[in-house]
file query-v1.tsv (TSV, C-alpha atoms)
chain	number	residue	atom	x	y	z
A	1	MET	CA	-73.43	-201.14	68.81
A	2	LYS	CA	-71.50	-197.87	68.65
A	3	ARG	CA	-71.72	-195.88	65.44
A	4	TRP	CA	-68.73	-194.40	63.66
A	5	CYS	CA	-68.44	-190.62	63.64
A	6	ALA	CA	-66.03	-188.01	62.33
A	7	LEU	CA	-64.95	-185.07	64.47
A	8	ARG	CA	-62.88	-182.03	63.59
A	9	PHE	CA	-61.31	-179.56	66.02
A	10	ASP	CA	-60.01	-176.24	64.69
A	11	PHE	CA	-57.65	-173.97	66.63
A	12	ARG	CA	-54.75	-171.56	66.18
A	13	ALA	CA	-51.20	-172.17	67.29
A	14	MET	CA	-47.75	-171.05	66.23
A	15	ALA	CA	-49.29	-168.24	64.14
A	16	SER	CA	-51.07	-170.82	61.97
A	17	PRO	CA	-54.56	-172.26	61.47
A	18	CYS	CA	-54.54	-175.81	62.84
A	19	SER	CA	-56.90	-178.76	63.00
A	20	ILE	CA	-57.26	-182.29	64.31
A	21	GLN	CA	-59.59	-184.69	62.51
A	22	MET	CA	-60.59	-188.09	63.83
A	23	ASP	CA	-62.77	-191.04	62.91
A	24	GLY	CA	-63.91	-193.17	65.82
A	25	GLN	CA	-66.73	-194.76	67.80
A	26	ASP	CA	-66.14	-193.23	71.23
A	27	GLU	CA	-66.92	-189.52	70.97
A	28	HIS	CA	-66.05	-188.83	74.61
A	29	THR	CA	-62.56	-190.31	74.24
A	30	MET	CA	-62.06	-188.52	70.94
A	31	ARG	CA	-62.92	-185.15	72.48
A	32	GLN	CA	-60.70	-185.78	75.48
A	33	ALA	CA	-57.82	-186.85	73.24
A	34	ALA	CA	-58.21	-183.75	71.07
A	35	THR	CA	-58.22	-181.45	74.11
A	36	GLU	CA	-55.01	-183.00	75.42
A	37	ALA	CA	-53.36	-182.99	71.98
A	38	ILE	CA	-54.14	-179.29	71.51
A	39	GLY	CA	-52.77	-178.67	74.99
A	40	GLU	CA	-49.56	-180.43	74.02
A	41	VAL	CA	-49.17	-178.19	70.96
A	42	GLN	CA	-49.69	-175.13	73.14
A	43	ARG	CA	-47.16	-176.42	75.69
A	44	ILE	CA	-44.50	-176.78	73.01
A	45	GLU	CA	-45.27	-173.34	71.60
A	46	HIS	CA	-44.97	-171.73	75.03
A	47	LYS	CA	-41.77	-173.60	75.80
A	48	TYR	CA	-39.88	-172.99	72.56
A	49	SER	CA	-41.26	-169.82	70.95
A	50	ARG	CA	-38.66	-167.10	70.55
A	51	TYR	CA	-41.53	-164.61	70.74
A	52	ARG	CA	-42.23	-165.44	74.40
A	53	GLU	CA	-39.92	-163.90	76.97
A	54	ASP	CA	-40.54	-166.80	79.36
A	55	SER	CA	-39.60	-169.56	76.87
A	56	ILE	CA	-36.44	-171.61	77.26
A	57	VAL	CA	-35.28	-170.40	73.84
A	58	SER	CA	-35.59	-166.77	74.92
A	59	ARG	CA	-33.73	-167.55	78.13
A	60	ILE	CA	-30.88	-169.11	76.16
A	61	ASN	CA	-30.80	-166.18	73.72
A	62	GLN	CA	-30.76	-163.61	76.49
A	63	SER	CA	-27.75	-165.34	78.02
A	64	SER	CA	-25.61	-164.57	74.95
A	65	THR	CA	-24.91	-161.10	76.35
A	66	THR	CA	-23.09	-162.62	79.34
A	67	GLY	CA	-21.85	-165.82	77.73
A	68	GLY	CA	-23.14	-167.82	80.66
A	69	GLN	CA	-24.27	-171.44	80.61
A	70	VAL	CA	-27.98	-172.22	80.68
A	71	ALA	CA	-29.32	-175.43	82.18
A	72	VAL	CA	-31.89	-177.22	80.03
A	73	ASP	CA	-34.20	-180.18	80.59
A	74	GLY	CA	-34.12	-183.56	78.87
A	75	GLU	CA	-36.59	-182.67	76.12
A	76	THR	CA	-34.61	-179.58	75.15
A	77	THR	CA	-31.34	-181.50	75.29
A	78	GLU	CA	-32.77	-184.04	72.84
A	79	LEU	CA	-33.96	-181.31	70.47
A	80	LEU	CA	-30.53	-179.66	70.57
A	81	GLY	CA	-29.02	-183.04	69.76
A	82	PHE	CA	-31.43	-183.36	66.84
A	83	ALA	CA	-30.38	-179.91	65.61
A	84	HIS	CA	-26.75	-181.02	65.81
A	85	ALA	CA	-27.50	-184.15	63.75
A	86	LEU	CA	-29.27	-182.05	61.10
A	87	TRP	CA	-26.33	-179.63	60.97
A	88	LEU	CA	-23.96	-182.54	60.35
A	89	MET	CA	-26.10	-184.30	57.74
A	90	SER	CA	-26.68	-181.05	55.83
A	91	ASP	CA	-23.01	-179.97	55.79
A	92	GLY	CA	-23.91	-177.04	58.00
A	93	LEU	CA	-26.86	-175.80	55.92
A	94	PHE	CA	-29.49	-176.58	58.57
A	95	ASP	CA	-28.37	-174.27	61.35
A	96	ILE	CA	-30.68	-173.19	64.17
A	97	THR	CA	-28.47	-170.15	64.86
A	98	SER	CA	-29.29	-168.69	61.43
A	99	GLY	CA	-32.60	-167.14	62.53
A	100	VAL	CA	-30.65	-164.06	63.56
A	101	LEU	CA	-30.29	-163.26	59.84
A	102	ARG	CA	-33.80	-161.81	59.97
A	103	GLN	CA	-32.14	-158.77	61.56
A	104	ALA	CA	-30.50	-158.03	58.21
A	105	TRP	CA	-33.50	-158.84	56.01
A	106	ASP	CA	-36.77	-156.89	55.98
A	107	PHE	CA	-39.26	-158.83	53.88
A	108	ARG	CA	-42.17	-156.57	54.82
A	109	ALA	CA	-40.35	-153.51	53.50
A	110	ALA	CA	-39.08	-155.50	50.48
A	111	ARG	CA	-35.59	-154.21	51.07
A	112	LEU	CA	-32.25	-155.87	50.37
A	113	PRO	CA	-29.86	-155.97	53.34
A	114	GLU	CA	-27.03	-153.52	53.68
A	115	PRO	CA	-23.77	-155.41	53.03
A	116	ALA	CA	-22.17	-154.31	56.30
A	117	LYS	CA	-25.26	-155.29	58.30
A	118	LEU	CA	-25.45	-158.68	56.61
A	119	GLN	CA	-21.78	-159.34	57.28
A	120	SER	CA	-21.98	-158.37	60.95
A	121	THR	CA	-25.07	-160.55	61.36
A	122	LEU	CA	-23.38	-163.51	59.66
A	123	GLU	CA	-20.70	-163.38	62.33
A	124	LYS	CA	-23.35	-164.40	64.86
A	125	VAL	CA	-24.30	-167.49	62.84
A	126	GLY	CA	-22.70	-170.89	63.33
A	127	TRP	CA	-23.83	-173.97	65.22
A	128	ASN	CA	-20.16	-174.76	65.79
A	129	LYS	CA	-20.05	-171.65	68.01
A	130	VAL	CA	-22.58	-173.18	70.41
A	131	GLU	CA	-21.14	-175.09	73.34
A	132	ARG	CA	-23.11	-178.00	74.80
A	133	SER	CA	-22.05	-180.00	77.82
A	134	GLY	CA	-24.45	-182.48	79.34
A	135	SER	CA	-27.58	-180.56	80.23
A	136	THR	CA	-26.16	-177.08	79.64
A	137	VAL	CA	-25.82	-174.88	76.56
A	138	ARG	CA	-23.82	-171.71	76.00
A	139	LEU	CA	-23.86	-169.19	73.16
A	140	THR	CA	-20.27	-168.06	72.82
A	141	GLN	CA	-20.85	-164.81	70.94
A	142	PRO	CA	-22.89	-161.78	72.02
A	143	GLY	CA	-26.06	-161.45	69.97
A	144	MET	CA	-26.22	-165.11	68.96
A	145	GLU	CA	-29.66	-166.70	68.98
A	146	LEU	CA	-31.25	-170.11	68.72
A	147	ASP	CA	-34.47	-170.51	66.76
A	148	PHE	CA	-36.43	-173.77	66.81
A	149	GLY	CA	-38.67	-172.56	63.98
A	150	GLY	CA	-37.03	-175.02	61.59
A	151	PHE	CA	-38.68	-177.98	63.30
A	152	GLY	CA	-40.82	-176.68	66.18
A	153	LYS	CA	-44.19	-176.92	64.47
A	154	GLU	CA	-43.35	-180.30	62.98
A	155	TYR	CA	-42.25	-181.60	66.38
A	156	ALA	CA	-45.51	-180.37	67.87
A	157	ALA	CA	-47.48	-182.25	65.20
A	158	ASP	CA	-45.69	-185.48	66.12
A	159	ARG	CA	-46.23	-184.91	69.84
A	160	ALA	CA	-49.94	-184.22	69.28
A	161	ALA	CA	-50.23	-187.44	67.27
A	162	ALA	CA	-48.51	-189.31	70.11
A	163	VAL	CA	-51.13	-188.00	72.55
A	164	LEU	CA	-53.92	-189.23	70.27
A	165	HIS	CA	-52.23	-192.62	69.92
A	166	ARG	CA	-51.95	-192.90	73.71
A	167	HIS	CA	-55.75	-192.51	73.89
A	168	GLY	CA	-56.21	-195.35	71.44
A	169	ILE	CA	-57.02	-193.13	68.47
A	170	ALA	CA	-56.07	-195.03	65.32
A	171	HIS	CA	-57.64	-192.90	62.58
A	172	ALA	CA	-56.64	-189.23	62.74
A	173	LEU	CA	-54.96	-186.37	60.94
A	174	VAL	CA	-53.07	-183.60	62.75
A	175	ASN	CA	-52.58	-180.45	60.65
A	176	LEU	CA	-50.49	-177.63	62.07
A	177	GLY	CA	-50.41	-174.97	59.40
A	178	GLY	CA	-49.71	-177.49	56.64
A	179	ASP	CA	-47.37	-179.73	58.63
A	180	LEU	CA	-49.25	-183.00	58.90
A	181	HIS	CA	-49.13	-186.28	60.79
A	182	ALA	CA	-51.53	-189.09	59.88
A	183	LEU	CA	-52.46	-191.89	62.25
A	184	GLY	CA	-54.03	-194.49	60.02
A	185	ALA	CA	-56.54	-194.25	57.18
A	186	ARG	CA	-60.15	-193.08	57.34
A	187	ALA	CA	-62.48	-195.43	59.19
A	188	LEU	CA	-66.01	-194.27	58.42
A	189	PRO	CA	-67.90	-197.12	56.70
A	190	GLU	CA	-68.22	-195.16	53.46
A	191	LEU	CA	-64.51	-194.20	53.56
A	192	GLN	CA	-63.00	-197.28	55.18
A	193	ASP	CA	-59.27	-197.73	54.46
A	194	THR	CA	-59.24	-194.57	52.32
A	195	ALA	CA	-56.18	-192.40	52.88
A	196	TRP	CA	-56.51	-188.77	53.95
A	197	GLN	CA	-56.48	-186.58	50.84
A	198	ILE	CA	-54.00	-183.73	51.19
A	199	GLU	CA	-53.97	-180.81	48.79
A	200	ILE	CA	-50.49	-179.44	48.12
A	201	GLN	CA	-50.51	-175.70	47.43
A	202	HIS	CA	-49.17	-174.64	44.05
A	203	PRO	CA	-46.17	-172.37	44.67
A	204	ARG	CA	-47.28	-170.11	41.80
A	205	PRO	CA	-51.10	-170.26	41.95
A	206	ASP	CA	-53.08	-168.77	39.11
A	207	THR	CA	-56.58	-168.32	40.46
A	208	ALA	CA	-57.74	-166.95	37.11
A	209	ILE	CA	-57.47	-170.44	35.61
A	210	GLY	CA	-58.12	-172.31	38.84
A	211	LYS	CA	-54.53	-173.46	39.34
A	212	SER	CA	-54.39	-173.19	43.12
A	213	SER	CA	-53.20	-176.71	43.96
A	214	LEU	CA	-50.18	-178.61	42.70
A	215	ALA	CA	-51.38	-182.09	43.57
A	216	VAL	CA	-53.58	-184.07	45.91
A	217	LEU	CA	-51.55	-186.59	47.88
A	218	ALA	CA	-52.82	-189.64	49.75
A	219	LEU	CA	-51.51	-189.77	53.32
A	220	GLN	CA	-52.30	-192.79	55.46
A	221	GLN	CA	-49.46	-192.99	57.96
A	222	GLY	CA	-46.54	-190.72	58.84
A	223	GLY	CA	-45.62	-187.11	58.28
A	224	LEU	CA	-45.90	-184.73	55.35
A	225	ALA	CA	-44.31	-181.28	55.20
A	226	THR	CA	-43.63	-178.64	52.56
A	227	SER	CA	-41.09	-175.82	52.32
A	228	GLY	CA	-41.30	-173.14	49.67
A	229	ASP	CA	-40.25	-169.72	48.50
A	230	TYR	CA	-43.80	-168.34	48.63
A	231	GLU	CA	-44.43	-167.95	52.36
A	232	ARG	CA	-42.38	-164.78	52.92
A	233	PHE	CA	-40.76	-163.10	49.96
A	234	PHE	CA	-40.50	-159.98	47.88
A	235	ILE	CA	-39.67	-159.37	44.25
A	236	GLN	CA	-37.22	-156.67	43.23
A	237	ASN	CA	-36.13	-156.01	39.65
A	238	GLY	CA	-37.79	-159.24	38.60
A	239	LYS	CA	-35.91	-161.39	41.14
A	240	ARG	CA	-37.59	-163.22	44.00
A	241	TYR	CA	-36.01	-163.08	47.46
A	242	CYS	CA	-37.51	-165.61	49.91
A	243	HIS	CA	-37.11	-166.23	53.64
A	244	VAL	CA	-35.14	-169.50	53.25
A	245	LEU	CA	-31.63	-168.19	53.83
A	246	ASN	CA	-28.32	-169.97	53.33
A	247	PRO	CA	-26.50	-169.67	56.69
A	248	HIS	CA	-23.11	-169.64	54.93
A	249	THR	CA	-23.87	-166.63	52.72
A	250	GLY	CA	-26.91	-164.99	54.30
A	251	TRP	CA	-28.70	-164.94	50.94
A	252	PRO	CA	-31.97	-166.63	49.92
A	253	VAL	CA	-32.10	-169.88	48.01
A	254	THR	CA	-33.32	-169.66	44.42
A	255	HIS	CA	-33.48	-173.12	42.85
A	256	TRP	CA	-36.77	-174.52	44.21
A	257	GLN	CA	-40.26	-173.07	44.36
A	258	SER	CA	-41.33	-175.79	46.80
A	259	VAL	CA	-40.34	-179.19	48.14
A	260	SER	CA	-42.76	-181.63	49.80
A	261	VAL	CA	-41.54	-184.73	51.65
A	262	LEU	CA	-43.37	-187.73	53.08
A	263	ALA	CA	-41.47	-189.43	55.90
A	264	ALA	CA	-42.04	-191.61	58.95
A	265	ASN	CA	-42.83	-188.54	61.06
A	266	THR	CA	-43.46	-184.85	60.56
A	267	THR	CA	-40.28	-183.66	62.28
A	268	THR	CA	-38.15	-185.62	59.83
A	269	ALA	CA	-40.26	-184.58	56.83
A	270	GLY	CA	-39.99	-180.89	57.73
A	271	ALA	CA	-36.24	-181.01	58.29
A	272	LEU	CA	-35.68	-182.79	54.98
A	273	THR	CA	-37.75	-180.26	53.02
A	274	THR	CA	-35.75	-177.38	54.48
A	275	ILE	CA	-32.42	-179.06	53.82
A	276	ALA	CA	-33.52	-179.85	50.26
A	277	MET	CA	-34.38	-176.19	49.66
A	278	LEU	CA	-30.95	-175.21	50.99
A	279	LYS	CA	-29.09	-177.81	48.94
A	280	GLN	CA	-30.48	-176.25	45.76
A	281	THR	CA	-29.19	-178.16	42.69
A	282	ASP	CA	-28.00	-181.07	44.84
A	283	ALA	CA	-31.39	-181.55	46.49
A	284	LEU	CA	-32.81	-184.43	44.47
A	285	ASP	CA	-29.70	-186.58	44.65
A	286	TRP	CA	-29.56	-185.94	48.38
A	287	LEU	CA	-33.24	-186.72	48.95
A	288	SER	CA	-32.80	-189.98	47.05
A	289	THR	CA	-30.21	-191.06	49.61
A	290	GLN	CA	-32.70	-190.45	52.43
A	291	GLY	CA	-35.17	-193.07	51.23
A	292	VAL	CA	-38.19	-190.76	51.35
A	293	ARG	CA	-40.84	-189.79	48.84
A	294	TYR	CA	-40.89	-186.22	47.58
A	295	LEU	CA	-42.54	-183.77	45.18
A	296	ALA	CA	-40.46	-180.76	44.16
A	297	VAL	CA	-41.07	-177.78	41.89
A	298	GLN	CA	-38.00	-176.23	40.29
A	299	HIS	CA	-37.52	-172.47	39.81
A	300	ASP	CA	-38.72	-172.79	36.18
A	301	GLY	CA	-41.87	-174.69	37.16
A	302	GLN	CA	-40.57	-178.14	36.27
A	303	VAL	CA	-41.99	-180.77	38.63
A	304	HIS	CA	-39.87	-183.62	40.00
A	305	SER	CA	-41.03	-186.56	42.11
A	306	SER	CA	-39.48	-189.65	43.63
A	307	SER	CA	-39.70	-192.95	41.81
A	308	GLN	CA	-42.18	-194.09	44.46
A	309	SER	CA	-45.50	-192.41	43.93
A	310	LEU	CA	-46.57	-189.99	46.62

call {"tool": "encode", "arguments": {"input": "query-v1.tsv", "output": "structure tokens"}}
result
Amino acid sequence: MKRWCALRFDFRAMASPCSIQMDGQDEHTMRQAATEAIGEVQRIEHKYSRYREDSIVSRINQSSTTGGQVAVDGETTELLGFAHALWLMSDGLFDITSGVLRQAWDFRAARLPEPAKLQSTLEKVGWNKVERSGSTVRLTQPGMELDFGGFGKEYAADRAAAVLHRHGIAHALVNLGGDLHALGARALPELQDTAWQIEIQHPRPDTAIGKSSLAVLALQQGGLATSGDYERFFIQNGKRYCHVLNPHTGWPVTHWQSVSVLAANTTTAGALTTIAMLKQTDALDWLSTQGVRYLAVQHDGQVHSSSQSL
């Protein structure tokens, strides 16, 4: 009779610490599944990272200087279609052309953008300026860029989970820098049917009093993602400026410290957290229409959660 065991595989991808945890009885299959799942994450990073000159995203961005069409494969076409759907459902707030705004903002130097620079950069933003026809895409303005950072890591988490599922793994947790996908509950005899316990980082941790986590959430199936104003930011004259930028104005959002969402998959959860951050005061009403569970911390520290317990 095979004994249950728990394995954990740690690695780095997409500039983040990552891990895959599994409970199972076939260690060989578990190790093989983990190797292939990590390979799938690396494949997606290589294919869609704007930091790699040989990625499809870089190839599309480089074409903006000539305005030429770029042929893309089926996977990329589907992701562009997903980006279009998010742009529509968010009233244009989720816009994968808005990454170019980083040219106007320097968070490392803690410096506000020059108005003229911000305005000229905003002119390169707008999903409606991207032309798609079948399996081709064209950026219509010089200097425009696409950036899959809004859902790339989350998509990779879902794809890694799919690889595990294909190997028959039914009890696993994929964690890509805090974007998570759970495949079933724990299965060790002493933990049987216990959900994975996920610690949500407090957006304003106070280590002096031990306040480093906001909550511990039980995740058994599906995706969990968090967006917040604490990942990249600076404070000037008492005001916080974070990296979540409104593509209509070019300025950071200010209403939420963090938003966590539990959804059917990680890609959806991540997109919804970002849109919620961008919707600011309208976020909770909008999230309620999406039928997902959430935990949100307002700018003043007030905590909101969905009627369904996370």

call {"tool": "closest_residue", "arguments": {"input": "query-v1.tsv", "among": "A:Thr121, A:Ser49, A:Gln221, A:His84", "to": "Arg102 of chain A", "atoms": "only C-alpha atoms"}}
result
A:Thr121

call {"tool": "atom_distance", "arguments": {"input": "query-v1.tsv", "atom1": "atom CA of Val174 of chain A", "atom2": "atom CA of Ser98 of chain A"}}
result
28.1 Å

call {"tool": "axis_aligned_box", "arguments": {"input": "query-v1.tsv", "around": "segment 257-265 of chain A", "padding_each_side": "4 Å", "output": "JSON"}}
result
{"center_x": -41.8, "center_y": -182.3, "center_z": 52.7, "size_x": 11.1, "size_y": 26.5, "size_z": 24.7}

call {"tool": "closest_residue", "arguments": {"input": "query-v1.tsv", "among": "A:Gln298, A:Gly238, A:Thr274, A:Glu231", "to": "Arg108 of chain A", "atoms": "all atoms listed in the file"}}
result
A:Glu231

call {"tool": "atom_distance", "arguments": {"input": "query-v1.tsv", "atom1": "atom CA of Leu188 of chain A", "atom2": "atom CA of Gly24 of chain A"}}
result
7.8 Å

call {"tool": "residues_near_point", "arguments": {"input": "query-v1.tsv", "point": "(-40.2, -184.2, 47.2)", "cutoff": "7 Å", "atoms": "all atoms listed in the file", "output": "list in words"}}
result
Val259, Ser260, Val261, Arg293, Tyr294, Leu295, Ala296, Ser305 and Ser306 of chain A

call {"tool": "write_last_selection", "arguments": {"input": "query-v1.tsv", "atoms": "C-alpha atoms", "output": "PDB file, in the frame of the given file"}}
result
ATOM      1  CA  VAL A 259     -40.340-179.190  48.140  1.00  0.00           C
ATOM      2  CA  SER A 260     -42.760-181.630  49.800  1.00  0.00           C
ATOM      3  CA  VAL A 261     -41.540-184.730  51.650  1.00  0.00           C
ATOM      4  CA  ARG A 293     -40.840-189.790  48.840  1.00  0.00           C
ATOM      5  CA  TYR A 294     -40.890-186.220  47.580  1.00  0.00           C
ATOM      6  CA  LEU A 295     -42.540-183.770  45.180  1.00  0.00           C
ATOM      7  CA  ALA A 296     -40.460-180.760  44.160  1.00  0.00           C
ATOM      8  CA  SER A 305     -41.030-186.560  42.110  1.00  0.00           C
ATOM      9  CA  SER A 306     -39.480-189.650  43.630  1.00  0.00           C
TER      10      SER A 306
END

call {"tool": "atom_distance", "arguments": {"input": "query-v1.tsv", "atom1": "atom CA of Gly92 of chain A", "atom2": "atom CA of Asp147 of chain A"}}
result
15.2 Å

call {"tool": "decode", "arguments": {"input": "query-v1.tsv", "residues": "segment 198-299 of chain A", "atoms": "C-alpha atoms", "output": "mmCIF file, in the first residue's frame"}}
result
data_model
loop_
_atom_site.group_PDB
_atom_site.id
_atom_site.type_symbol
_atom_site.label_atom_id
_atom_site.label_comp_id
_atom_site.auth_asym_id
_atom_site.auth_seq_id
_atom_site.Cartn_x
_atom_site.Cartn_y
_atom_site.Cartn_z
ATOM 1 C CA ILE A 198 -3.318 31.200 2.645
ATOM 2 C CA GLU A 199 -1.961 34.187 4.529
ATOM 3 C CA ILE A 200 -2.991 37.518 3.017
ATOM 4 C CA GLN A 201 -0.368 40.216 3.528
ATOM 5 C CA HIS A 202 -1.490 43.267 5.462
ATOM 6 C CA PRO A 203 -1.110 46.296 3.169
ATOM 7 C CA ARG A 204 0.172 48.366 6.105
ATOM 8 C CA PRO A 205 2.128 45.847 8.212
ATOM 9 C CA ASP A 206 3.291 46.885 11.654
ATOM 10 C CA THR A 207 5.975 44.402 12.588
ATOM 11 C CA ALA A 208 6.423 46.091 15.963
ATOM 12 C CA ILE A 209 3.058 44.709 17.082
ATOM 13 C CA GLY A 210 3.133 41.632 14.877
ATOM 14 C CA LYS A 211 0.538 42.883 12.396
ATOM 15 C CA SER A 212 2.039 41.409 9.238
ATOM 16 C CA SER A 213 -0.980 39.500 7.925
ATOM 17 C CA LEU A 214 -4.492 40.721 7.223
ATOM 18 C CA ALA A 215 -6.210 37.353 7.277
ATOM 19 C CA VAL A 216 -5.712 33.653 6.697
ATOM 20 C CA LEU A 217 -8.008 32.390 3.956
ATOM 21 C CA ALA A 218 -8.995 28.797 3.242
ATOM 22 C CA LEU A 219 -8.493 27.883 -0.421
ATOM 23 C CA GLN A 220 -9.613 24.486 -1.643
ATOM 24 C CA GLN A 221 -10.369 24.966 -5.328
ATOM 25 C CA GLY A 222 -9.843 27.811 -7.787
ATOM 26 C CA GLY A 223 -7.765 30.955 -7.940
ATOM 27 C CA LEU A 224 -6.859 33.648 -5.434
ATOM 28 C CA ALA A 225 -5.104 36.906 -6.308
ATOM 29 C CA THR A 226 -4.397 40.223 -4.604
ATOM 30 C CA SER A 227 -3.662 43.707 -5.944
ATOM 31 C CA GLY A 228 -2.457 46.514 -3.722
ATOM 32 C CA ASP A 229 -0.818 49.890 -3.441
ATOM 33 C CA TYR A 230 2.172 48.523 -1.499
ATOM 34 C CA GLU A 231 4.153 46.675 -4.166
ATOM 35 C CA ARG A 232 5.706 49.714 -5.878
ATOM 36 C CA PHE A 233 5.068 53.146 -4.453
ATOM 37 C CA PHE A 234 6.564 56.259 -2.968
ATOM 38 C CA ILE A 235 5.274 58.824 -0.520
ATOM 39 C CA GLN A 236 5.682 62.532 -1.168
ATOM 40 C CA ASN A 237 4.315 65.262 1.087
ATOM 41 C CA GLY A 238 2.331 62.650 2.967
ATOM 42 C CA LYS A 239 0.609 61.267 -0.150
ATOM 43 C CA ARG A 240 1.127 57.751 -1.463
ATOM 44 C CA TYR A 241 1.656 57.230 -5.195
ATOM 45 C CA CYS A 242 1.400 53.565 -6.261
ATOM 46 C CA HIS A 243 2.063 51.712 -9.511
ATOM 47 C CA VAL A 244 -1.619 51.006 -10.289
ATOM 48 C CA LEU A 245 -2.261 53.742 -12.833
ATOM 49 C CA ASN A 246 -5.558 54.872 -14.324
ATOM 50 C CA PRO A 247 -5.073 54.643 -18.116
ATOM 51 C CA HIS A 248 -7.475 57.557 -18.671
ATOM 52 C CA THR A 249 -5.574 60.036 -16.486
ATOM 53 C CA GLY A 250 -2.136 58.483 -16.021
ATOM 54 C CA TRP A 251 -2.369 58.959 -12.250
ATOM 55 C CA PRO A 252 -2.308 56.323 -9.490
ATOM 56 C CA VAL A 253 -5.423 55.029 -7.801
ATOM 57 C CA THR A 254 -5.914 56.054 -4.179
ATOM 58 C CA HIS A 255 -9.059 54.460 -2.749
ATOM 59 C CA TRP A 256 -7.894 50.919 -1.910
ATOM 60 C CA GLN A 257 -4.887 49.624 -0.022
ATOM 61 C CA SER A 258 -5.516 46.108 -1.319
ATOM 62 C CA VAL A 259 -8.162 43.922 -2.928
ATOM 63 C CA SER A 260 -8.149 40.111 -2.824
ATOM 64 C CA VAL A 261 -10.507 38.032 -4.977
ATOM 65 C CA LEU A 262 -11.322 34.326 -5.015
ATOM 66 C CA ALA A 263 -12.601 33.117 -8.387
ATOM 67 C CA ALA A 264 -12.866 29.971 -10.486
ATOM 68 C CA ASN A 265 -9.329 30.484 -11.796
ATOM 69 C CA THR A 266 -6.349 32.697 -11.086
ATOM 70 C CA THR A 267 -6.489 34.628 -14.359
ATOM 71 C CA THR A 268 -10.010 35.807 -13.580
ATOM 72 C CA ALA A 269 -9.186 36.546 -9.933
ATOM 73 C CA GLY A 270 -6.172 38.664 -10.893
ATOM 74 C CA ALA A 271 -8.042 40.644 -13.525
ATOM 75 C CA LEU A 272 -10.902 41.359 -11.136
ATOM 76 C CA THR A 273 -8.583 42.597 -8.380
ATOM 77 C CA THR A 274 -6.902 45.009 -10.787
ATOM 78 C CA ILE A 275 -10.196 46.291 -12.163
ATOM 79 C CA ALA A 276 -11.510 46.738 -8.618
ATOM 80 C CA MET A 277 -8.466 48.826 -7.693
ATOM 81 C CA LEU A 278 -9.041 50.960 -10.798
ATOM 82 C CA LYS A 279 -12.764 51.375 -10.170
ATOM 83 C CA GLN A 280 -11.981 52.973 -6.805
ATOM 84 C CA THR A 281 -15.246 53.953 -5.034
ATOM 85 C CA ASP A 282 -17.326 51.835 -7.416
ATOM 86 C CA ALA A 283 -15.303 48.678 -6.773
ATOM 87 C CA LEU A 284 -17.493 46.882 -4.251
ATOM 88 C CA ASP A 285 -20.724 47.339 -6.173
ATOM 89 C CA TRP A 286 -18.953 46.131 -9.297
ATOM 90 C CA LEU A 287 -17.399 43.106 -7.592
ATOM 91 C CA SER A 288 -20.818 42.149 -6.251
ATOM 92 C CA THR A 289 -22.095 41.887 -9.819
ATOM 93 C CA GLN A 290 -19.284 39.449 -10.671
ATOM 94 C CA GLY A 291 -20.422 36.793 -8.205
ATOM 95 C CA VAL A 292 -17.010 36.364 -6.586
ATOM 96 C CA ARG A 293 -15.774 36.500 -3.017
ATOM 97 C CA TYR A 294 -13.466 39.335 -2.027
ATOM 98 C CA LEU A 295 -11.589 40.980 0.840
ATOM 99 C CA ALA A 296 -10.747 44.663 0.404
ATOM 100 C CA VAL A 297 -8.960 47.235 2.547
ATOM 101 C CA GLN A 298 -9.976 50.854 2.026
ATOM 102 C CA HIS A 299 -7.518 53.781 2.072
#
